[in-house]
Amino acid sequence: MKMPKMILFDYGQTLIAEQKFDGVKGTEAVLQYATKNKYNLSAEQVQAKANEINREFGRFDPEKRHLFQIEIPNTMFTPYLYESQGIEIALSNSEIDKVFWNAAAPGIPTEGIEDFLEYLNNKGIRTGVISNISYNPSVVKERIDRMLPKNTFEFIITSSNFIFRKPNKRIFDLALEKAELQANEVWYIGDQYECDVKGSLNAGMLPVWYIGAIDLPYTEDKNILTITEWDELRLLLGE
């Protein structure tokens with residue numbers, strides 16, 4: 001096994017284990033900043049509209065989300081959601097993202113990831129992030145830096161900033177361009193089989209399937225390097 005010059009990580013359930021998403025809690029937090037609520041809508045009603053729109057798009061369906069390879073960033077989604085229902089929020093789009101996300105899906109670092117990232121840095125293996133996510137890129141970076149303050153990620157690529165969603169090869173190619181590396185010099189670690197494992201494999205990288213914090217049903221693929229703990233990968237890398 002050729003040692004990588006760089007390891008790229010997925011965000012959710014790979015770097016950070018998020019609690020089960022609760023959109024109503026997120027919307028409740030945002031509505032505290034409402035300066036106008038023309039129809040006196042509740043958080044449940046606003047979130048029901050968000051769910052309706054997302055179903056029309058086919059977003060976030062666990063069975064189909066790998067087919068949705070173009071991102072709709074919250075900078076587009078959020079203004080429509082609120083303004084179409086007669087609601088005005090005294091926050092910027094990025095502030096809405098932060099308030100909503102912190103309430104809807106709080107998270108903690110996956111067990112052992114901080115030590116593993118420090119190990120990679122000491123070993124001279126570069127790191128970065130590619131995430132399918134609709135939140136503002138600055139909000140994603142702030143959350144990662146807050147939860148993993150010692151990280152040395154060279155870049156954090158989000159689909160909300162660069163159009164394409166994994167498993168689309170273009171977002172992996174973008175990372176290779178930014179890193180100035182060839183695909184066979186890079187490993188990619190993520191929890192989703194279709195988006196992370198098959199996507200990075202198709203891009204020519206070596207995929208590592210991290211299932212230590214997985215929140216979806218899965219069927220094991222014995223042809224893919226699979227780990228449940230970060231120490232397993234550390235041993236493969238020579239310690």
# chains A, B, ... in the order shown; residues from 1 in each chain; ligands from 1
call {"tool": "select_by_dssp", "arguments": {"residues": "segment 17-235 of chain A", "states": "alpha helix (DSSP H)", "output": "PyMOL selection string"}}
result
chain A and resi 23-31+43-57+74-83+93-104+113-123+137-147+159-162+169-179+199-202+230-235
call {"tool": "residues_around", "arguments": {"residues": "segment 37-43 of chain A", "least_positions_apart": "6", "cutoff": "6 Å", "atoms": "only C-alpha atoms", "output": "JSON, numbers by chain"}}
result
{"A": [24, 27, 28, 86, 87]}
call {"tool": "residues_around", "arguments": {"residues": "Ile72 of chain A", "least_positions_apart": "5", "cutoff": "9 Å", "atoms": "only C-alpha atoms", "output": "VMD selection string"}}
result
chain A and resid 77 134 159 to 160 163
call {"tool": "write_last_selection", "arguments": {"atoms": "N, CA and C atoms", "output": "PDB file, in the first residue's frame"}}
result
ATOM      1  N   PHE A  77     -31.602  29.043  -0.831  1.00  0.00           N
ATOM      2  CA  PHE A  77     -32.752  28.344  -0.262  1.00  0.00           C
ATOM      3  C   PHE A  77     -33.398  29.139   0.870  1.00  0.00           C
ATOM      4  N   SER A 134     -24.831  22.350   2.433  1.00  0.00           N
ATOM      5  CA  SER A 134     -25.482  23.536   1.879  1.00  0.00           C
ATOM      6  C   SER A 134     -25.212  24.798   2.696  1.00  0.00           C
ATOM      7  N   SER A 159     -19.570  21.920  -1.177  1.00  0.00           N
ATOM      8  CA  SER A 159     -20.404  21.966  -2.379  1.00  0.00           C
ATOM      9  C   SER A 159     -21.183  23.279  -2.434  1.00  0.00           C
ATOM     10  N   SER A 160     -21.446  23.884  -1.279  1.00  0.00           N
ATOM     11  CA  SER A 160     -22.156  25.170  -1.265  1.00  0.00           C
ATOM     12  C   SER A 160     -21.347  26.282  -1.907  1.00  0.00           C
ATOM     13  N   ILE A 163     -20.446  24.314  -6.292  1.00  0.00           N
ATOM     14  CA  ILE A 163     -21.484  23.766  -7.178  1.00  0.00           C
ATOM     15  C   ILE A 163     -21.678  22.261  -7.045  1.00  0.00           C
TER      16      ILE A 163
END
call {"tool": "residues_around", "arguments": {"residues": "segment 92-104 of chain A", "least_positions_apart": "6", "cutoff": "10 Å", "atoms": "only C-alpha atoms", "output": "ChimeraX atom specification"}}
result
/A:18-33,74-79,134-140,142-143
call {"tool": "write_last_selection", "arguments": {"atoms": "N, CA, C and O atoms", "output": "short mmCIF file (atom, residue, chain, number, x, y, z; two decimals), in the first residue's frame"}}
result
data_model
loop_
_atom_site.label_atom_id
_atom_site.label_comp_id
_atom_site.auth_asym_id
_atom_site.auth_seq_id
_atom_site.Cartn_x
_atom_site.Cartn_y
_atom_site.Cartn_z
N GLU A 18 -22.51 14.28 14.26
CA GLU A 18 -23.63 15.16 14.54
C GLU A 18 -24.81 14.36 15.10
O GLU A 18 -25.03 13.22 14.72
N GLN A 19 -25.56 15.01 16.00
CA GLN A 19 -26.79 14.41 16.49
C GLN A 19 -27.80 14.34 15.36
O GLN A 19 -27.69 15.05 14.35
N LYS A 20 -28.82 13.52 15.53
CA LYS A 20 -29.85 13.39 14.51
C LYS A 20 -30.45 14.75 14.21
O LYS A 20 -30.84 15.49 15.11
N PHE A 21 -30.53 15.08 12.94
CA PHE A 21 -31.01 16.39 12.49
C PHE A 21 -32.43 16.65 12.96
O PHE A 21 -33.32 15.80 12.81
N ASP A 22 -32.66 17.83 13.53
CA ASP A 22 -33.99 18.25 13.98
C ASP A 22 -34.25 19.64 13.43
O ASP A 22 -33.90 20.66 14.03
N GLY A 23 -34.88 19.69 12.26
CA GLY A 23 -35.12 20.96 11.59
C GLY A 23 -36.02 21.89 12.36
O GLY A 23 -35.88 23.11 12.28
N VAL A 24 -36.95 21.35 13.12
CA VAL A 24 -37.85 22.20 13.89
C VAL A 24 -37.09 22.97 14.96
O VAL A 24 -37.30 24.17 15.15
N LYS A 25 -36.16 22.29 15.63
CA LYS A 25 -35.35 22.98 16.63
C LYS A 25 -34.53 24.10 15.98
O LYS A 25 -34.39 25.19 16.55
N GLY A 26 -33.98 23.82 14.81
CA GLY A 26 -33.21 24.84 14.10
C GLY A 26 -34.07 26.03 13.73
O GLY A 26 -33.67 27.19 13.91
N THR A 27 -35.26 25.76 13.22
CA THR A 27 -36.16 26.84 12.81
C THR A 27 -36.65 27.63 14.02
O THR A 27 -36.80 28.86 13.95
N GLU A 28 -36.90 26.94 15.12
CA GLU A 28 -37.29 27.64 16.36
C GLU A 28 -36.23 28.65 16.76
O GLU A 28 -36.54 29.79 17.14
N ALA A 29 -34.98 28.25 16.65
CA ALA A 29 -33.88 29.15 17.02
C ALA A 29 -33.83 30.36 16.08
O ALA A 29 -33.61 31.50 16.53
N VAL A 30 -34.04 30.14 14.79
CA VAL A 30 -33.99 31.23 13.82
C VAL A 30 -35.16 32.19 14.02
O VAL A 30 -35.00 33.42 13.96
N LEU A 31 -36.34 31.66 14.29
CA LEU A 31 -37.53 32.50 14.43
C LEU A 31 -37.45 33.44 15.63
O LEU A 31 -38.21 34.42 15.70
N GLN A 32 -36.55 33.17 16.55
CA GLN A 32 -36.35 34.09 17.67
C GLN A 32 -35.85 35.45 17.16
O GLN A 32 -35.95 36.46 17.88
N TYR A 33 -35.29 35.47 15.94
CA TYR A 33 -34.75 36.70 15.36
C TYR A 33 -35.70 37.30 14.33
O TYR A 33 -35.32 38.21 13.58
N ASN A 74 -27.63 27.33 0.86
CA ASN A 74 -28.62 28.00 1.70
C ASN A 74 -28.74 29.49 1.40
O ASN A 74 -29.75 30.11 1.74
N THR A 75 -27.72 30.08 0.78
CA THR A 75 -27.82 31.49 0.39
C THR A 75 -28.95 31.70 -0.61
O THR A 75 -29.45 32.82 -0.76
N MET A 76 -29.35 30.61 -1.31
CA MET A 76 -30.49 30.68 -2.22
C MET A 76 -31.76 30.13 -1.56
O MET A 76 -32.84 30.69 -1.70
N PHE A 77 -31.60 29.04 -0.83
CA PHE A 77 -32.75 28.34 -0.26
C PHE A 77 -33.40 29.14 0.87
O PHE A 77 -34.63 29.31 0.92
N THR A 78 -32.58 29.64 1.80
CA THR A 78 -33.11 30.28 3.00
C THR A 78 -33.92 31.55 2.71
O THR A 78 -35.02 31.72 3.26
N PRO A 79 -33.42 32.47 1.86
CA PRO A 79 -34.25 33.66 1.58
C PRO A 79 -35.61 33.30 1.01
O PRO A 79 -36.62 33.91 1.38
N SER A 134 -24.83 22.35 2.43
CA SER A 134 -25.48 23.54 1.88
C SER A 134 -25.21 24.80 2.70
O SER A 134 -25.54 25.89 2.26
N TYR A 135 -24.60 24.63 3.88
CA TYR A 135 -24.32 25.79 4.73
C TYR A 135 -23.23 26.67 4.12
O TYR A 135 -22.37 26.20 3.36
N ASN A 136 -23.25 27.94 4.51
CA ASN A 136 -22.25 28.90 4.05
C ASN A 136 -20.84 28.39 4.35
O ASN A 136 -20.58 27.90 5.45
N PRO A 137 -19.92 28.47 3.39
CA PRO A 137 -18.55 27.96 3.60
C PRO A 137 -17.87 28.53 4.85
O PRO A 137 -17.15 27.82 5.55
N SER A 138 -18.10 29.81 5.14
CA SER A 138 -17.47 30.41 6.31
C SER A 138 -18.02 29.81 7.60
O SER A 138 -17.29 29.68 8.61
N VAL A 139 -19.28 29.42 7.58
CA VAL A 139 -19.90 28.81 8.76
C VAL A 139 -19.37 27.40 8.96
O VAL A 139 -19.13 26.96 10.09
N VAL A 140 -19.16 26.68 7.86
CA VAL A 140 -18.58 25.33 7.94
C VAL A 140 -17.17 25.41 8.50
O VAL A 140 -16.80 24.64 9.40
N GLU A 142 -15.87 27.77 10.36
CA GLU A 142 -15.92 28.18 11.77
C GLU A 142 -16.24 26.99 12.67
O GLU A 142 -15.64 26.82 13.73
N ARG A 143 -17.18 26.13 12.24
CA ARG A 143 -17.55 24.97 13.07
C ARG A 143 -16.39 23.98 13.15
O ARG A 143 -16.08 23.49 14.24
#
call {"tool": "closest_residue", "arguments": {"among": "A:Gln182, A:Arg55, A:Phe172, A:Thr152", "to": "Leu120 of chain A", "atoms": "only C-alpha atoms"}}
result
A:Thr152
call {"tool": "closest_residue", "arguments": {"among": "A:Glu71, A:Glu229, A:Glu63, A:Glu154", "to": "Pro217 of chain A", "atoms": "only C-alpha atoms"}}
result
A:Glu63
call {"tool": "closest_residue", "arguments": {"among": "A:Ile113, A:Ala213, A:Ala203, A:Ala90", "to": "Lys150 of chain A", "atoms": "only C-alpha atoms"}}
result
A:Ile113
call {"tool": "select_by_dssp", "arguments": {"residues": "segment 53-214 of chain A", "states": "strand (DSSP E)", "output": "ChimeraX atom specification"}}
result
/A:87-89,107-109,126-131,156-158,186-190,206-210
call {"tool": "closest_residue", "arguments": {"among": "A:Tyr188, A:Leu117, A:Arg126, A:Ile133", "to": "Pro149 of chain A", "atoms": "only C-alpha atoms"}}
result
A:Leu117
call {"tool": "closest_residue", "arguments": {"among": "A:Val46, A:Asp215, A:Lys169, A:Glu177", "to": "Lys198 of chain A", "atoms": "only C-alpha atoms"}}
result
A:Lys169
call {"tool": "closest_residue", "arguments": {"among": "A:Ile89, A:Leu8, A:Leu148, A:Leu174", "to": "Glu118 of chain A", "atoms": "only C-alpha atoms"}}
result
A:Leu148
call {"tool": "residues_around", "arguments": {"residues": "Asp173 of chain A", "least_positions_apart": "2", "cutoff": "12 Å", "atoms": "only C-alpha atoms", "output": "ChimeraX atom specification"}}
result
/A:130,157,162,164-171,175-183,186,199-205
call {"tool": "atom_distance", "arguments": {"atom1": "atom CA of Tyr193 of chain A", "atom2": "atom CA of Ile214 of chain A"}}
result
10.4 Å
call {"tool": "atom_distance", "arguments": {"atom1": "atom CA of Asp145 of chain A", "atom2": "atom CA of Asn132 of chain A"}}
result
17.5 Å
call {"tool": "atom_distance", "arguments": {"atom1": "atom CA of Tyr210 of chain A", "atom2": "atom CA of Phe116 of chain A"}}
result
13.1 Å
